[in-house]
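So the structure is just underneath, and the comments pick up after that.
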Protein chains: 2
Amino acid sequence: MADLRGGDLSRLRQLNSLTAIRAMRGAGPLTLSALAERTGLSRPSMKEVADELMELGWVEEVPPSPGSMGRPARRYRFRADSGYLVGVDIGGYNIRAALSDLDGVILAETRQPVQLDATLEERLAAIQRAVSGCLALSRTAIEDVWTIAFGTIGVIDVEGRVVYSAAVPAWRDLDLAGKLREIFPCQVLIENDSRLAAMAEHRRGAARGAKDVVFLHVGRRMGAGLIIGGKVHRGFGAASGEIAMLPEARWFDAPEHLNTCASVPEGTPPEDAAGYTLAAARNGDPVALEAVGRYIDDLVVGTAAMVLLLDPEVVVLGGGFSRSADVLLGPLRDRLERRCMRMPEVRASTLGDECVVTGAIDYAVDHLDDQLFTPDRGPLPVTR
Amino acid sequence: MADLRGGDLSRLRQLNSLTAIRAMRGAGPLTLSALAERTGLSRPSMKEVADELMELGWVEEVPPSPGSMGRPARRYRFRADSGYLVGVDIGGYNIRAALSDLDGVILAETRQPVQLDATLEERLAAIQRAVSGCLALSRTAIEDVWTIAFGTIGVIDVEGRVVYSAAVPAWRDLDLAGKLREIFPCQVLIENDSRLAAMAEHRRGAARGAKDVVFLHVGRRMGAGLIIGGKVHRGFGAASGEIAMLPEARWFDAPEHLNTCASVPEGTPPEDAAGYTLAAARNGDPVALEAVGRYIDDLVVGTAAMVLLLDPEVVVLGGGFSRSADVLLGPLRDRLERRCMRMPEVRASTLGDECVVTGAIDYAVDHLDDQLFTPDRGPLPVTR
DNA sequence: CAACTTACGAAGGAGCGCTTCATTAGTAGC
DNA sequence: GCTACTAATGAAGCGCTCCTTCGTAAGTTG
């Protein structure tokens with residue numbers, strides 16, 4: 001008994017306009033006929049839709065390409081450059097920012113290191129530096145940015161308040177959205193980082209086309225993001241994916257096996273220890289390999305819980321340690337196979353460290369589509 | 001990048017026809033104006049839709065009701081009695097069957113006991129007895145049944161083959177759909193029982209209106225069914241909800257705490273032991289209460305895993321033991337609260353033993369809606 | 001320069017939903 | 001038994017969206 005509303009004619013047009021925009025996204029200039037074929041509409045109808053989208057400012061015409069047979073076709077393209085999007089990954093130790101056009105094509109990226117225990121002010125300053133650095137790289141003004149999407153550790157409620165964040169002290173009981181809106185004069189969105197990473201891998205990474213995906217964030221901290229039915233699963237209180245909180249899932253302390261491995265030389269800074277162990281394991285060091293084995297033994301418990309519960313098509317291994325996926329994937333697959341009903345595909349992240357920023361951009365792009373038909377919005381703001 | 005198909009005019013009509021049928025479902029005869037209001041369509045449009053549905057045989061007119069002011073309105077109703085649906089719960093020890101009209105209103109129910117280790121032939125015979133008993137009760141011929149939906153233990157793939165079923169020996173490596181289609185001359189659907197139970201509680205039970213629901217089947221055997229985004233979640237290989245397979249979730253042996261309680265008198269048949277313990281706990285027997293505590297200690301682990309992972313709005317406690325929900329709910333809530341991020345509502349099943357049959361009926365009803373616009377189907381078969 | 005290819009644009013038509021309004025079939029009151 | 005009132009009906013007309021069709025235009029090729 002979801003919605004019993006019947007559809008109007010205009011709904012149909014809305015639907016078709018949206019599919020048209022989706023068809024143009026990142027596809028370069030397209031002719032009317034090409035668009036018509038992709039959307040399934042007839043050419044005249046497609047023309048009408050295109051005209052309307054041009055009127056609204058979403059689409060523009062580009063000069064026809066010469067050199068082909070017959071009358072040159074007029075070409076349309078999504079006006080990806082009439083505004084910008086920014087994605088920010090607020091990690092424990094690094095703030096990453098990326099600037100993209102409205103297509104989600106990334107134009108510039110920056111990184112700002114930050115202390116895990118930095119104060120709120122230091123953290124916000126680092127965020128601001130990362131974003132402005134990004135804008136400076138491609139000579140873009142903050143006024144031309146339509147939306148900034150942030151991904152961060154912790155449970156963030158629908159209003160953008162931090163409900164829980166053990167890892168980042170500065171986040172405690174914070175109205176994060178409020179703080180960020182004070183700094184940035186545009187739309188501010190906030191999501192959990194693992195969910196954004198899952199989104200990115202689903203859109204352009206290792207899980208493209210899959211309907212149900214489990215994204216494992218493996219790193220100094222553990223997390224999970226779920227795609228179910230092709231959509232990000234948030235949960236009723238936006239608290240999904242927090243299986244690391246369950247002691248029996250054996251995720252919370254799993255990274256310790258890598259940190260405390262005997263192969264790690266004295267004096268290695270604690271944040272580099274795990275990386276050292278993984279590198280040693282790749283070189284065949286038996287002690288390191290054993291530590292990796294114990295790590296995977298723990299990792300597989302929570303992972304098997306998710307796989308048994310959801311029966312996903314793909315499991316993506318992402319996060320800091322996924323750089324060493326070659327060392328981790330084999331043992332993980334072996335142990336998972338023994339524990340689960342139907343073995344999903346287990347793949348390494350293809351986006352690596354950039355998956356959260358990329359996901360933030362994708363999130364902002366999605367948000368953009370939603371705005372196409374908000375009645376109050378007139379023609380889009382035009383830059384240059 | 002899901003579907004890039006643009007909508008046709010007829011798609012709109014399809015949508016509206018479907019919402020009209022949904023509006024009529026189980027709502028008794030409705031006037032055009034009432035229907036128009038519910039669907040959001042104008043009266044003339046609603047008329048056209050109604051005419052078409054009458055032509056197709058889904059809807060019929062009933063004589064207007066006298067005694068009201070003004071010109072009497074013509075009334076329409078969904079032709080729920082032009083066919084029948086059967087739902088069957090193939091449990092380990094009981095086969096339950098229910099007959100419903102096309103609205104999903106249940107008209108008759110039967111139960112057939114069966115041995116857990118019965119042969120395949122015995123099991124199929126019991127199923128047949130249950131169904132024909134049900135038909136006899138309401139004097140219905142099998143020929144008037146459009147669809148039979150079965151819910152059973154185990155993992156059933158999309159083709160209806162049993163992939164895994166430890167509990168029921170006869171099910172091993174069986175083409176269950178094939179066998180059942182030999183017996184019943186109508187559409188045969190098969191689903192996992194916990195998923196059907198989840199569906200029923202979501203449609204008409206304790207979880208009505210919730211978007212994300214976890215259904216816990218607690219009984220001699222443990223299981224789970226998930227509703228995510230208002231839809232049943234099946235998983236890529238239809239193997240979702242099998243978290244009981246994970247030893248660390250501590251579900252598999254959990255019922256043993258109730259079976260082996262010292263309060264159970266010597267000579268109690270093993271299948272009644274748990275019920276005895278639960279009854280004793282209700283009466284305050286401290287030994288039984290302690291056994292229940294240990295049971296819940298185990299139960300809560302897998303449950304917390306699901307809640308942390310999915311952050312559902314509601315958790316429904318169903319299955320055989322949920323008759324003793326008064327004994328179980330309190331301890332479960334206490335322990336769950338300590339373990340999870342955001343506490344969901346925890347409710348007892350309102351459908352009890354009937355939830356799987358009911359869910360099977362609901363599943364068949366859903367399937368019916370899907371057939372509304374399959375192009376090959378002409379006007380519906382008419383009974384009497 | 002003619003022939004060919006390909007896209008454009010205008011015209012006509014069908015389907016769907018909306019609004020409007022005179023008409024109709026009842027009930028209520030005198 | 002007649003009139004007034006009420007509420008639904010049915011037909012007409014409009015606007016939107018999409019479709020098909022066909023003559024025309026703007027290029028390339030030989």
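Lettering and numbering for the structure tokens are positional, with chains as A, B, ... in the shown order, residues counted from 1 in each chain, and ligands counted from 1 in the shown order.
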
Contacts of Leu226 (chain B) within 12 Å, only C-alpha atoms (C1' of nucleotides), excl. fewer than 6 positions in-chain, as a PyMOL selection string: (chain A and resi 228+309-311) or (chain B and resi 192-202+207+210-217+232-235+238-243+306-307+309-316)

Fit chain B to chain A: least squares, all C-alpha atoms, paired in order; write the output as a CSV table (one decimal) with C-alpha atoms, in the first residue's frame.
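Generated output (selection25.csv):
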chain,number,residue,atom,x,y,z
B,1,MET,CA,0.2,0.0,-0.1
B,2,ALA,CA,3.0,2.3,-0.8
B,3,ASP,CA,1.6,5.2,-2.9
B,4,LEU,CA,-1.8,5.1,-4.4
B,5,ARG,CA,-1.2,8.2,-6.5
B,6,GLY,CA,-2.1,8.0,-10.1
B,7,GLY,CA,0.2,9.5,-12.6
B,8,ASP,CA,-0.4,12.7,-14.5
B,9,LEU,CA,0.7,13.4,-18.1
B,10,SER,CA,3.4,15.7,-16.8
B,11,ARG,CA,4.9,12.8,-14.7
B,12,LEU,CA,5.6,11.0,-18.0
B,13,ARG,CA,7.4,14.0,-19.3
B,14,GLN,CA,9.4,14.2,-16.1
B,15,LEU,CA,10.4,10.6,-16.4
B,16,ASN,CA,11.4,11.1,-20.0
B,17,SER,CA,13.4,14.2,-19.3
B,18,LEU,CA,15.3,12.4,-16.6
B,19,THR,CA,16.1,9.5,-18.8
B,20,ALA,CA,17.3,11.9,-21.4
B,21,ILE,CA,19.6,13.6,-19.0
B,22,ARG,CA,20.9,10.2,-17.8
B,23,ALA,CA,21.5,9.3,-21.4
B,24,MET,CA,23.6,12.4,-22.0
B,25,ARG,CA,25.6,12.2,-18.8
B,26,GLY,CA,29.2,11.7,-19.7
B,27,ALA,CA,28.4,10.6,-23.2
B,28,GLY,CA,29.7,13.7,-25.0
B,29,PRO,CA,27.6,15.5,-27.6
B,30,LEU,CA,24.8,13.4,-29.0
B,31,THR,CA,22.6,13.8,-32.0
B,32,LEU,CA,18.8,13.7,-31.6
B,33,SER,CA,18.6,10.4,-33.4
B,34,ALA,CA,21.2,8.9,-31.0
B,35,LEU,CA,19.4,10.2,-28.0
B,36,ALA,CA,16.1,8.9,-29.4
B,37,GLU,CA,17.5,5.5,-29.8
B,38,ARG,CA,18.9,5.5,-26.3
B,39,THR,CA,15.8,6.7,-24.6
B,40,GLY,CA,13.4,4.7,-26.7
B,41,LEU,CA,11.5,7.8,-27.6
B,42,SER,CA,10.7,8.9,-31.2
B,43,ARG,CA,12.8,11.6,-32.7
B,44,PRO,CA,10.1,14.3,-32.6
B,45,SER,CA,9.4,13.6,-29.0
B,46,MET,CA,13.0,13.6,-28.1
B,47,LYS,CA,13.3,16.9,-29.8
B,48,GLU,CA,10.6,18.3,-27.6
B,49,VAL,CA,12.3,17.0,-24.5
B,50,ALA,CA,15.6,18.4,-25.6
B,51,ASP,CA,14.1,21.8,-26.3
B,52,GLU,CA,12.6,21.9,-22.8
B,53,LEU,CA,15.8,20.9,-21.2
B,54,MET,CA,17.6,23.6,-23.1
B,55,GLU,CA,15.0,26.1,-21.9
B,56,LEU,CA,15.7,24.9,-18.3
B,57,GLY,CA,19.4,25.3,-18.8
B,58,TRP,CA,20.4,21.7,-18.3
B,59,VAL,CA,21.4,21.1,-21.9
B,60,GLU,CA,23.0,23.1,-24.7
B,61,GLU,CA,23.5,22.8,-28.4
B,62,VAL,CA,27.0,22.4,-29.8
B,63,PRO,CA,28.0,23.1,-33.4
B,64,PRO,CA,27.4,20.1,-35.7
B,65,SER,CA,30.4,18.0,-36.6
B,66,PRO,CA,31.3,18.2,-40.3
B,67,GLY,CA,32.7,15.4,-42.4
B,68,SER,CA,29.9,12.9,-42.3
B,69,MET,CA,27.5,11.8,-44.9
B,70,GLY,CA,24.2,13.6,-45.2
B,71,ARG,CA,22.8,16.6,-43.5
B,72,PRO,CA,24.8,17.3,-40.3
B,73,ALA,CA,22.8,16.5,-37.2
B,74,ARG,CA,22.5,19.1,-34.5
B,75,ARG,CA,24.1,17.9,-31.4
B,76,TYR,CA,23.2,18.3,-27.7
B,77,ARG,CA,25.2,17.9,-24.6
B,78,PHE,CA,24.5,18.0,-20.9
B,79,ARG,CA,25.9,21.3,-19.6
B,80,ALA,CA,28.3,19.7,-17.2
B,81,ASP,CA,30.4,22.9,-17.0
B,82,SER,CA,27.7,25.3,-15.9
B,83,GLY,CA,28.4,24.4,-12.3
B,84,TYR,CA,30.7,22.4,-10.1
B,85,LEU,CA,30.4,19.8,-7.4
B,86,VAL,CA,32.8,19.1,-4.6
B,87,GLY,CA,33.2,15.8,-2.8
B,88,VAL,CA,35.1,15.6,0.5
B,89,ASP,CA,36.4,12.5,2.3
B,90,ILE,CA,36.9,13.4,6.0
B,91,GLY,CA,39.1,10.6,7.1
B,92,GLY,CA,40.8,10.1,10.4
B,93,TYR,CA,44.3,11.1,9.1
B,94,ASN,CA,43.6,12.6,5.8
B,95,ILE,CA,41.1,15.0,4.3
B,96,ARG,CA,40.6,14.5,0.6
B,97,ALA,CA,38.7,16.8,-1.7
B,98,ALA,CA,37.8,16.5,-5.3
B,99,LEU,CA,36.2,18.9,-7.7
B,100,SER,CA,34.0,17.7,-10.5
B,101,ASP,CA,31.7,19.0,-13.2
B,102,LEU,CA,28.0,18.3,-13.1
B,103,ASP,CA,28.7,15.0,-14.9
B,104,GLY,CA,30.8,13.8,-12.0
B,105,VAL,CA,34.0,13.9,-14.1
B,106,ILE,CA,36.7,14.7,-11.6
B,107,LEU,CA,38.8,17.8,-12.5
B,108,ALA,CA,41.1,18.2,-9.5
B,109,GLU,CA,42.0,16.5,-6.3
B,110,THR,CA,43.8,17.5,-3.1
B,111,ARG,CA,44.8,15.9,0.2
B,112,GLN,CA,45.4,17.5,3.6
B,113,PRO,CA,46.9,15.4,6.4
B,114,VAL,CA,45.3,15.9,9.8
B,115,GLN,CA,45.9,14.5,13.3
B,116,LEU,CA,43.3,11.9,14.4
B,117,ASP,CA,42.9,13.8,17.7
B,118,ALA,CA,42.9,17.3,16.1
B,119,THR,CA,40.4,19.8,17.6
B,120,LEU,CA,37.3,20.6,15.8
B,121,GLU,CA,38.7,23.9,14.7
B,122,GLU,CA,41.8,22.3,13.3
B,123,ARG,CA,39.7,19.8,11.5
B,124,LEU,CA,37.4,22.3,10.0
B,125,ALA,CA,40.4,24.4,8.9
B,126,ALA,CA,41.9,21.4,7.2
B,127,ILE,CA,38.7,20.7,5.4
B,128,GLN,CA,38.6,24.3,4.2
B,129,ARG,CA,42.2,24.1,3.0
B,130,ALA,CA,41.5,20.9,1.1
B,131,VAL,CA,38.5,22.4,-0.6
B,132,SER,CA,40.0,25.7,-1.5
B,133,GLY,CA,43.2,24.0,-2.7
B,134,CYS,CA,41.1,21.9,-5.0
B,135,LEU,CA,39.3,25.0,-6.3
B,136,ALA,CA,42.5,26.8,-6.8
B,137,LEU,CA,44.0,23.9,-8.9
B,138,SER,CA,41.3,24.4,-11.5
B,139,ARG,CA,40.8,28.1,-11.0
B,140,THR,CA,37.2,27.7,-9.8
B,141,ALA,CA,35.4,30.1,-7.5
B,142,ILE,CA,33.5,28.7,-4.6
B,143,GLU,CA,30.4,30.6,-5.8
B,144,ASP,CA,30.3,28.3,-8.9
B,145,VAL,CA,30.0,25.2,-6.7
B,146,TRP,CA,26.5,24.0,-6.5
B,147,THR,CA,26.8,21.2,-4.0
B,148,ILE,CA,29.4,19.9,-1.6
B,149,ALA,CA,29.0,16.3,-0.3
B,150,PHE,CA,31.0,15.1,2.7
B,151,GLY,CA,31.7,11.6,3.6
B,152,THR,CA,32.9,10.9,7.1
B,153,ILE,CA,33.4,8.2,9.7
B,154,GLY,CA,30.6,7.7,12.2
B,155,VAL,CA,26.9,7.6,12.3
B,156,ILE,CA,25.3,10.8,10.9
B,157,ASP,CA,21.6,11.3,11.3
B,158,VAL,CA,19.3,12.6,8.6
B,159,GLU,CA,19.8,16.2,9.8
B,160,GLY,CA,23.6,15.9,9.6
B,161,ARG,CA,24.3,15.6,13.3
B,162,VAL,CA,26.9,13.2,14.5
B,163,VAL,CA,25.2,10.5,16.5
B,164,TYR,CA,28.2,8.4,17.1
B,165,SER,CA,31.9,8.6,16.3
B,166,ALA,CA,34.3,6.8,18.4
B,167,ALA,CA,37.3,7.3,16.1
B,168,VAL,CA,37.2,11.0,15.7
B,169,PRO,CA,37.2,12.8,19.1
B,170,ALA,CA,36.3,16.2,17.6
B,171,TRP,CA,33.1,14.8,16.2
B,172,ARG,CA,31.5,14.1,19.5
B,173,ASP,CA,27.9,15.4,19.7
B,174,LEU,CA,28.4,17.7,16.8
B,175,ASP,CA,25.9,19.4,14.4
B,176,LEU,CA,28.3,18.8,11.6
B,177,ALA,CA,26.0,19.9,8.8
B,178,GLY,CA,25.4,23.2,10.7
B,179,LYS,CA,29.1,23.8,11.1
B,180,LEU,CA,29.9,23.1,7.5
B,181,ARG,CA,27.0,25.2,6.2
B,182,GLU,CA,28.5,28.1,8.1
B,183,ILE,CA,31.7,27.7,6.1
B,184,PHE,CA,30.4,26.8,2.7
B,185,PRO,CA,27.8,29.0,0.9
B,186,CYS,CA,26.2,26.1,-1.1
B,187,GLN,CA,24.2,23.0,-0.6
B,188,VAL,CA,25.9,20.7,2.0
B,189,LEU,CA,25.3,17.0,2.1
B,190,ILE,CA,26.7,14.5,4.6
B,191,GLU,CA,26.9,10.8,4.4
B,192,ASN,CA,28.7,7.9,6.0
B,193,ASP,CA,32.0,7.3,4.3
B,194,SER,CA,31.6,3.5,3.7
B,195,ARG,CA,28.2,4.0,2.1
B,196,LEU,CA,29.7,6.6,-0.3
B,197,ALA,CA,32.6,4.2,-1.1
B,198,ALA,CA,30.0,1.5,-1.8
B,199,MET,CA,28.2,3.9,-4.1
B,200,ALA,CA,31.4,4.7,-6.0
B,201,GLU,CA,32.4,1.1,-6.5
B,202,HIS,CA,28.8,0.4,-7.7
B,203,ARG,CA,28.8,3.3,-10.1
B,204,ARG,CA,32.3,3.2,-11.6
B,205,GLY,CA,34.3,0.6,-9.8
B,206,ALA,CA,34.5,-3.1,-9.1
B,207,ALA,CA,30.8,-3.7,-8.6
B,208,ARG,CA,29.4,-2.0,-11.6
B,209,GLY,CA,26.0,-3.4,-12.6
B,210,ALA,CA,25.5,-5.5,-9.5
B,211,LYS,CA,22.2,-5.2,-7.7
B,212,ASP,CA,23.3,-6.3,-4.3
B,213,VAL,CA,26.8,-5.3,-3.1
B,214,VAL,CA,28.6,-5.4,0.2
B,215,PHE,CA,31.5,-3.0,0.5
B,216,LEU,CA,34.1,-3.9,3.1
B,217,HIS,CA,36.2,-1.0,4.4
B,218,VAL,CA,39.3,-2.7,5.6
B,219,GLY,CA,41.9,-0.4,7.2
B,220,ARG,CA,42.9,0.8,10.6
B,221,ARG,CA,39.2,1.1,11.2
B,222,MET,CA,36.6,-1.3,9.8
B,223,GLY,CA,33.3,-0.5,8.2
B,224,ALA,CA,30.8,-1.6,5.7
B,225,GLY,CA,28.5,-0.1,3.1
B,226,LEU,CA,25.6,-1.8,1.5
B,227,ILE,CA,24.0,-1.5,-1.9
B,228,ILE,CA,20.7,-3.3,-2.0
B,229,GLY,CA,18.5,-3.4,-5.0
B,230,GLY,CA,20.9,-1.1,-6.8
B,231,LYS,CA,20.4,1.6,-4.1
B,232,VAL,CA,22.4,2.6,-1.1
B,233,HIS,CA,20.9,1.2,2.0
B,234,ARG,CA,20.9,3.7,4.8
B,235,GLY,CA,18.6,2.2,7.4
B,236,PHE,CA,15.9,3.8,9.4
B,237,GLY,CA,18.2,5.9,11.5
B,238,ALA,CA,21.0,6.1,8.9
B,239,ALA,CA,23.0,3.7,11.0
B,240,SER,CA,23.3,0.7,8.7
B,241,GLY,CA,26.6,-1.1,8.2
B,242,GLU,CA,27.8,-0.8,11.8
B,243,ILE,CA,28.5,-4.5,12.2
B,244,ALA,CA,31.9,-3.7,13.5
B,245,MET,CA,30.2,-2.7,16.8
B,246,LEU,CA,29.4,-6.4,17.4
B,247,PRO,CA,32.2,-8.1,19.4
B,248,GLU,CA,31.3,-11.5,18.0
B,249,ALA,CA,31.8,-10.2,14.5
B,250,ARG,CA,35.5,-9.9,15.5
B,251,TRP,CA,36.1,-6.8,13.4
B,252,PHE,CA,36.9,-4.3,16.0
B,253,ASP,CA,40.3,-5.7,17.0
B,254,ALA,CA,41.1,-7.5,13.8
B,255,PRO,CA,43.6,-4.9,12.6
B,256,GLU,CA,45.7,-5.5,15.7
B,257,HIS,CA,47.0,-8.8,14.3
B,258,LEU,CA,48.7,-6.7,11.6
B,259,ASN,CA,49.9,-4.0,14.0
B,260,THR,CA,51.5,-6.3,16.5
B,261,CYS,CA,53.2,-8.7,14.1
B,262,ALA,CA,56.7,-9.7,15.2
B,263,SER,CA,58.1,-8.9,11.7
B,264,VAL,CA,57.6,-5.2,12.2
B,265,PRO,CA,60.9,-3.7,13.2
B,266,GLU,CA,61.2,-1.8,16.4
B,267,GLY,CA,60.5,1.9,16.1
B,268,THR,CA,58.1,1.7,13.2
B,269,PRO,CA,55.5,4.3,13.8
B,270,PRO,CA,52.2,2.6,14.8
B,271,GLU,CA,50.3,3.9,11.8
B,272,ASP,CA,52.8,2.2,9.5
B,273,ALA,CA,52.9,-1.2,11.2
B,274,ALA,CA,50.1,-2.8,9.4
B,275,GLY,CA,51.4,-1.7,6.0
B,276,TYR,CA,54.8,-3.2,6.9
B,277,THR,CA,53.2,-6.5,7.8
B,278,LEU,CA,51.2,-6.6,4.6
B,279,ALA,CA,54.4,-5.8,2.5
B,280,ALA,CA,56.3,-8.5,4.4
B,281,ALA,CA,53.5,-11.0,3.7
B,282,ARG,CA,53.7,-10.2,0.0
B,283,ASN,CA,57.4,-11.0,0.1
B,284,GLY,CA,56.6,-14.4,1.7
B,285,ASP,CA,57.7,-13.7,5.2
B,286,PRO,CA,56.1,-16.6,7.1
B,287,VAL,CA,55.5,-14.7,10.3
B,288,ALA,CA,53.8,-11.9,8.5
B,289,LEU,CA,51.8,-14.4,6.5
B,290,GLU,CA,50.6,-16.0,9.7
B,291,ALA,CA,49.6,-12.6,11.1
B,292,VAL,CA,47.6,-11.9,7.9
B,293,GLY,CA,46.0,-15.4,8.3
B,294,ARG,CA,44.8,-14.4,11.8
B,295,TYR,CA,43.6,-11.1,10.5
B,296,ILE,CA,41.6,-12.7,7.8
B,297,ASP,CA,40.3,-15.3,10.3
B,298,ASP,CA,38.7,-12.4,12.2
B,299,LEU,CA,37.7,-10.4,9.1
B,300,VAL,CA,35.8,-13.4,7.7
B,301,VAL,CA,33.4,-13.7,10.6
B,302,GLY,CA,31.7,-10.4,10.1
B,303,THR,CA,32.0,-10.8,6.4
B,304,ALA,CA,30.3,-14.2,6.4
B,305,ALA,CA,27.6,-12.7,8.6
B,306,MET,CA,26.9,-10.1,5.9
B,307,VAL,CA,27.1,-12.6,3.0
B,308,LEU,CA,24.9,-15.1,4.7
B,309,LEU,CA,22.4,-12.5,5.6
B,310,LEU,CA,22.2,-10.7,2.3
B,311,ASP,CA,23.5,-13.1,-0.4
B,312,PRO,CA,25.1,-10.3,-2.4
B,313,GLU,CA,26.3,-10.6,-5.9
B,314,VAL,CA,29.6,-9.0,-5.2
B,315,VAL,CA,31.8,-8.2,-2.2
B,316,VAL,CA,34.2,-5.4,-2.7
B,317,LEU,CA,37.3,-5.1,-0.6
B,318,GLY,CA,38.2,-1.4,-0.1
B,319,GLY,CA,39.8,0.9,2.4
B,320,GLY,CA,43.5,1.5,3.2
B,321,PHE,CA,44.5,-2.2,3.4
B,322,SER,CA,43.0,-3.0,0.0
B,323,ARG,CA,46.2,-1.7,-1.5
B,324,SER,CA,47.4,-5.1,-0.4
B,325,ALA,CA,44.4,-6.9,-1.9
B,326,ASP,CA,46.7,-9.4,-3.6
B,327,VAL,CA,47.7,-10.6,-0.2
B,328,LEU,CA,44.3,-10.5,1.3
B,329,LEU,CA,41.9,-11.7,-1.4
B,330,GLY,CA,43.1,-15.3,-1.7
B,331,PRO,CA,42.8,-16.2,2.0
B,332,LEU,CA,39.6,-14.3,2.3
B,333,ARG,CA,38.0,-16.2,-0.5
B,334,ASP,CA,39.2,-19.5,0.9
B,335,ARG,CA,37.7,-18.9,4.3
B,336,LEU,CA,34.6,-17.3,3.0
B,337,GLU,CA,33.8,-20.2,0.7
B,338,ARG,CA,33.9,-22.6,3.7
B,339,ARG,CA,31.5,-20.5,5.6
B,340,CYS,CA,28.8,-19.3,3.3
B,341,MET,CA,25.9,-20.7,1.4
B,342,ARG,CA,26.5,-19.3,-2.0
B,343,MET,CA,29.9,-17.8,-2.7
B,344,PRO,CA,29.7,-14.2,-4.0
B,345,GLU,CA,32.3,-12.7,-6.2
B,346,VAL,CA,35.0,-11.1,-4.0
B,347,ARG,CA,36.9,-8.3,-5.8
B,348,ALA,CA,39.4,-5.6,-4.8
B,349,SER,CA,38.3,-2.0,-5.0
B,350,THR,CA,39.3,-0.4,-8.3
B,351,LEU,CA,39.1,3.1,-6.9
B,352,GLY,CA,41.4,2.6,-4.0
B,353,ASP,CA,42.0,5.6,-1.7
B,354,GLU,CA,39.7,7.8,-3.9
B,355,CYS,CA,36.6,5.7,-3.4
B,356,VAL,CA,35.1,7.9,-0.7
B,357,VAL,CA,35.7,11.2,-2.5
B,358,THR,CA,34.4,9.7,-5.7
B,359,GLY,CA,31.4,8.4,-3.9
B,360,ALA,CA,30.8,11.8,-2.5
B,361,ILE,CA,30.8,13.3,-6.0
B,362,ASP,CA,28.4,10.5,-7.1
B,363,TYR,CA,26.2,11.4,-4.2
B,364,ALA,CA,26.1,15.0,-5.2
B,365,VAL,CA,25.3,14.0,-8.8
B,366,ASP,CA,22.4,12.0,-7.6
B,367,HIS,CA,21.2,14.9,-5.6
B,368,LEU,CA,21.3,17.0,-8.7
B,369,ASP,CA,19.0,14.8,-10.6
B,370,ASP,CA,16.5,15.0,-7.8
B,371,GLN,CA,16.4,18.8,-8.2
B,372,LEU,CA,15.5,18.6,-11.9
B,373,PHE,CA,11.8,18.8,-11.0
B,374,THR,CA,11.6,20.7,-7.8
B,375,PRO,CA,9.0,23.2,-8.7
B,376,ASP,CA,10.6,26.3,-7.2
B,377,ARG,CA,13.9,26.0,-9.2
B,378,GLY,CA,13.8,28.2,-12.2
B,379,PRO,CA,16.4,28.0,-15.1
B,380,LEU,CA,19.7,26.9,-13.8
B,381,PRO,CA,22.4,29.4,-12.8
B,382,VAL,CA,24.8,29.9,-15.7
B,383,THR,CA,28.5,30.2,-15.3
B,384,ARG,CA,30.7,32.2,-17.7

Distance in Å - C1' of DC30 (chain C) versus C1' of DT3 (chain D):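 Separation between C1' of DC30 (chain C) and C1' of DT3 (chain D): 8.5 Å.
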
Interface, chain D side, toward chain A (10 Å; only C-alpha atoms (C1' of nucleotides)) as a PyMOL selection string: chain D and resi 16-20+25-29

Chain A contacts on chain C, only C-alpha atoms (C1' of nucleotides), 6 Å, as a PyMOL selection string: chain C and resi 5-7

All alpha helix (DSSP H) residues (DSSP, backbone) inside region 53-148 of chain B, as an MDAnalysis selection string: chainID B and resid 53:56 120:137

Produce a file of the selected residues containing C-alpha atoms, as a compact mmCIF listing (two decimals), in the first residue's frame.
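That gives us selection-v5.txt:
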# COMPACT_ATOMS: atom_id res chain seq x y z
CA LEU B 53 -10.65 -3.08 -16.10
CA MET B 54 -14.21 -4.34 -16.48
CA GLU B 55 -13.50 -5.27 -20.05
CA LEU B 56 -10.43 -7.18 -18.92
CA LEU B 120 9.42 -37.45 -0.39
CA GLU B 121 6.29 -39.35 -1.41
CA GLU B 122 4.79 -39.08 2.06
CA ARG B 123 5.51 -35.39 2.16
CA LEU B 124 4.01 -34.74 -1.26
CA ALA B 125 0.95 -36.79 -0.29
CA ALA B 126 0.52 -34.73 2.88
CA ILE B 127 0.76 -31.54 0.87
CA GLN B 128 -1.87 -32.84 -1.49
CA ARG B 129 -4.14 -33.79 1.42
CA ALA B 130 -3.73 -30.38 3.00
CA VAL B 131 -4.60 -28.58 -0.20
CA SER B 132 -7.55 -30.74 -1.13
CA GLY B 133 -8.86 -30.55 2.43
CA CYS B 134 -8.77 -26.82 2.17
CA LEU B 135 -10.57 -26.83 -1.14
CA ALA B 136 -13.21 -29.21 0.21
CA LEU B 137 -13.91 -26.98 3.20

Test item, strand (DSSP E) assignment across region 200-320 of chain B, answer as a ChimeraX atom specification: /B:213-217,223-228,231-232,314-318
